[in-house]
Every structure is written in structure tokens, then in C-alpha cells.
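Shown next, in C-alpha cells, is the structure this report addresses.
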Amino acid sequence: GFWPSDNTDPCERLFIQEGFTQFYAPATMTCWVTDTPDKAGRTGRCRTAYKFHSAMCGALGIGSDIGKLDEDSLAEYKKHIAEYKAIRRTIQFGTLHRLSSPKSGLTAVQYNGEGETVVLAFLHSQAFGEKLPPLRLRGLQADRIYHLEDGRRLAGNTLMNLGVDLPLAGDFSSCILVFTDVETA
């Protein structure tokens with residue numbers, strides 16, 4: 001794999017990763033979670049989920065000193081690593097669609113694999129009362145039903161034309177949506 005930059009700030013990495021994936025596949029992009037403080041630091045934007053989700057956009061690696069993590073942090077790391085392992089094949093070898101550029105304040109990338117679609121979305125900041133528009137997906141089969149982990153069942157046509165609401169709010173929030181393609185409409 002390739003190391004795109006020594007800058008491991010999770011928000012700035014989204015810009016770097018967008019450029020990198022214009023030329024190289026996500027499987028070749030090593031993305032590390034590092035010891036950036038979660039509550040402070042130079043930018044204050046290093047929430048553990050956000051930095052993991054940012055690093056999940058390629059080949060996830062851990063650059064943190066895990067020996068210094070407290071029990072709660074270690075449990076959260078384990079949870080995110082397990083989450084990544086469940087979707088890494090789709091992320092590394094699926095078809096990448098850039099749904100929204102980091103330049104827009106909302107970054108969203110979609111990976112379509114065999115029977116699975118993974119969306120990683122990042123809200124950089126949100127004005128008071130601002131509502132996010134639904135996110136329109138790409139490259140799905142219009143006549144297929146896609147199951148979301150929360151139990152919703154949505155047609156490919158609906159996801160591509162009307163979109164899906166993102167469970168994001170506030171500054172530096174992120175989410176993963178996993179859709180399973182299981183039936184014909």
C-alpha cells in the first residue's frame with residue numbers, strides 16, 4: 001500500500017484521500033488512526049468514531065499506542081476494528097463513488113461490492129437549524145431492494161433518485177450505512 005500523507009488529521013485526510021483515489025484504488029491507500037487527542041489538540045476535531053471512519057475509507061491501520069489506551073478507549077477501538085473487518089472487502093475492492101466532496105462541508109463516499117453497499121459520510125460542521133438534504137446513492141440496481149442495518153428496506157430506484165437521510169448532526173460527526181442487496185422489487 002501507499003502512505004498518501006504524514007498528515008493524519010481525520011478531516012484533512014478526507015481531502016487527501018479524495019485526491020488520492022482519483023488515481024489509485026482504496027485498497028492501496030493506507031489510512032491510520034493515530035494518537036491525536038480526542039477532546040483537544042490543535043483542531044479539536046478528533047473524535048474517535050470520526051477518525052476511525054475517515055481511516056476506514058481505505059486500508060485501515062492503527063498507529064496509536066494501544067498500550068496507553070484506557071479500558072473504554074480500548075473497547076471503542078475494538079468495536080471500530082470489528083466494524084471495519086465486516087466491510088473491508090467492499091471498501092477495498094468495491095466500486096468507489098464519490099457522492100459529496102469535502103469541499104462542500106459534507107463528505108460522502110460509497111463503495112458497491114457483491115451484495116453489499118457501504119456509505120461513509122462525514123459532516124464537518126452544521127449551522128443551527130440546518131437540515132441535511134437526503135444523500136443520493138449511485139450505481140445500484142433500480143429494481144432491487146436494499147436492506148439497511150436499522151431494518152429499513154429501500155428500492156435502488158428510491159436510493160438513487162430520492163436518497164437516504166443521514167443520521168448526522170453537529171460538528172465533526174460521521175456515520176457508516178451498510179446496505180445489503182437481497183431481493184428483487
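Scheme for the C-alpha cells: letters A, B, ... for chains in order shown; per-chain residue numbers from 1; ligand numbers from 1 in order shown.
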Q | Spatial neighbours of stretch 90-105 of chain A, 6 Å, only C-alpha atoms, chain gap at least 6 places, as a PyMOL selection string | A | chain A and resi 15+26-27+111-113+124
Excluding stretch 128-139 of chain A and residues on its chain fewer than 4 positions from it, collect all residues at most 7 Å away from it, counting only C-alpha atoms, and give them as an mmCIF file with N, CA, C and O atoms, in the first residue's frame.
```cif
data_model
loop_
_atom_site.group_PDB
_atom_site.id
_atom_site.type_symbol
_atom_site.label_atom_id
_atom_site.label_comp_id
_atom_site.auth_asym_id
_atom_site.auth_seq_id
_atom_site.Cartn_x
_atom_site.Cartn_y
_atom_site.Cartn_z
ATOM 1 N N HIS A 97 -17.705 5.378 -5.388
ATOM 2 C CA HIS A 97 -18.446 6.537 -5.891
ATOM 3 C C HIS A 97 -18.238 7.672 -4.894
ATOM 4 O O HIS A 97 -18.520 7.511 -3.706
ATOM 5 N N LEU A 159 -33.265 4.988 -3.586
ATOM 6 C CA LEU A 159 -31.972 5.424 -3.046
ATOM 7 C C LEU A 159 -31.208 6.310 -4.027
ATOM 8 O O LEU A 159 -30.528 7.250 -3.619
ATOM 9 N N MET A 160 -31.336 6.026 -5.323
ATOM 10 C CA MET A 160 -30.600 6.808 -6.311
ATOM 11 C C MET A 160 -31.303 8.119 -6.668
ATOM 12 O O MET A 160 -30.639 9.086 -7.018
ATOM 13 N N ASN A 161 -32.630 8.163 -6.581
ATOM 14 C CA ASN A 161 -33.353 9.362 -7.003
ATOM 15 C C ASN A 161 -33.810 10.256 -5.849
ATOM 16 O O ASN A 161 -33.761 11.478 -5.955
ATOM 17 N N LEU A 162 -34.270 9.661 -4.768
ATOM 18 C CA LEU A 162 -34.722 10.447 -3.617
ATOM 19 C C LEU A 162 -33.672 10.506 -2.523
ATOM 20 O O LEU A 162 -33.623 11.456 -1.752
ATOM 21 N N GLY A 163 -32.864 9.470 -2.415
ATOM 22 C CA GLY A 163 -31.782 9.434 -1.444
ATOM 23 C C GLY A 163 -32.190 8.859 -0.109
ATOM 24 O O GLY A 163 -33.302 8.357 0.077
ATOM 25 N N VAL A 164 -31.271 8.937 0.819
ATOM 26 C CA VAL A 164 -31.461 8.421 2.174
ATOM 27 C C VAL A 164 -31.031 9.513 3.154
ATOM 28 O O VAL A 164 -30.070 10.244 2.905
ATOM 29 N N ASP A 165 -31.777 9.652 4.242
ATOM 30 C CA ASP A 165 -31.409 10.617 5.276
ATOM 31 C C ASP A 165 -30.206 10.104 6.057
ATOM 32 O O ASP A 165 -30.122 8.914 6.377
ATOM 33 N N LEU A 166 -29.296 11.007 6.350
ATOM 34 C CA LEU A 166 -28.100 10.654 7.105
ATOM 35 C C LEU A 166 -28.298 10.980 8.582
ATOM 36 O O LEU A 166 -28.778 12.059 8.912
#
```
Q: Excluding A:Ile16 and residues on its chain fewer than 5 positions from it, collect all residues at most 12 Å away from it, counting only C-alpha atoms, and give them as an NGL selection string.
A: :A and (3-11 or 21-23 or 29-31 or 54-55 or 57-58 or 101-103)
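Residue nearest A:Ser125 within the list A:Ala142, A:Ala169, A:Val109, A:Leu148: A:Ala169 [criterion: smallest interatomic distance, only C-alpha atoms].
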Q: Quick one: pick out all strand (DSSP E or B) residues within stretch 1-175 of chain A from a backbone DSSP run and write them as a ChimeraX atom specification.
A: /A:2,29-33,59-62,95-100,106-113,116-123,135,144-148,153-155,164,173-175
Q) Using only C-alpha atoms, which residues sit within 8 Å of stretch 79-84 of chain A once same-chain residues fewer than 5 positions away are excluded, as a count of residues only? A) 4
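Minimum atom-to-atom distance to A:Leu120, evaluated using only C-alpha atoms, belongs to A:Cys175 out of A:Cys175, A:Ile145, A:Ala59, A:Val33.
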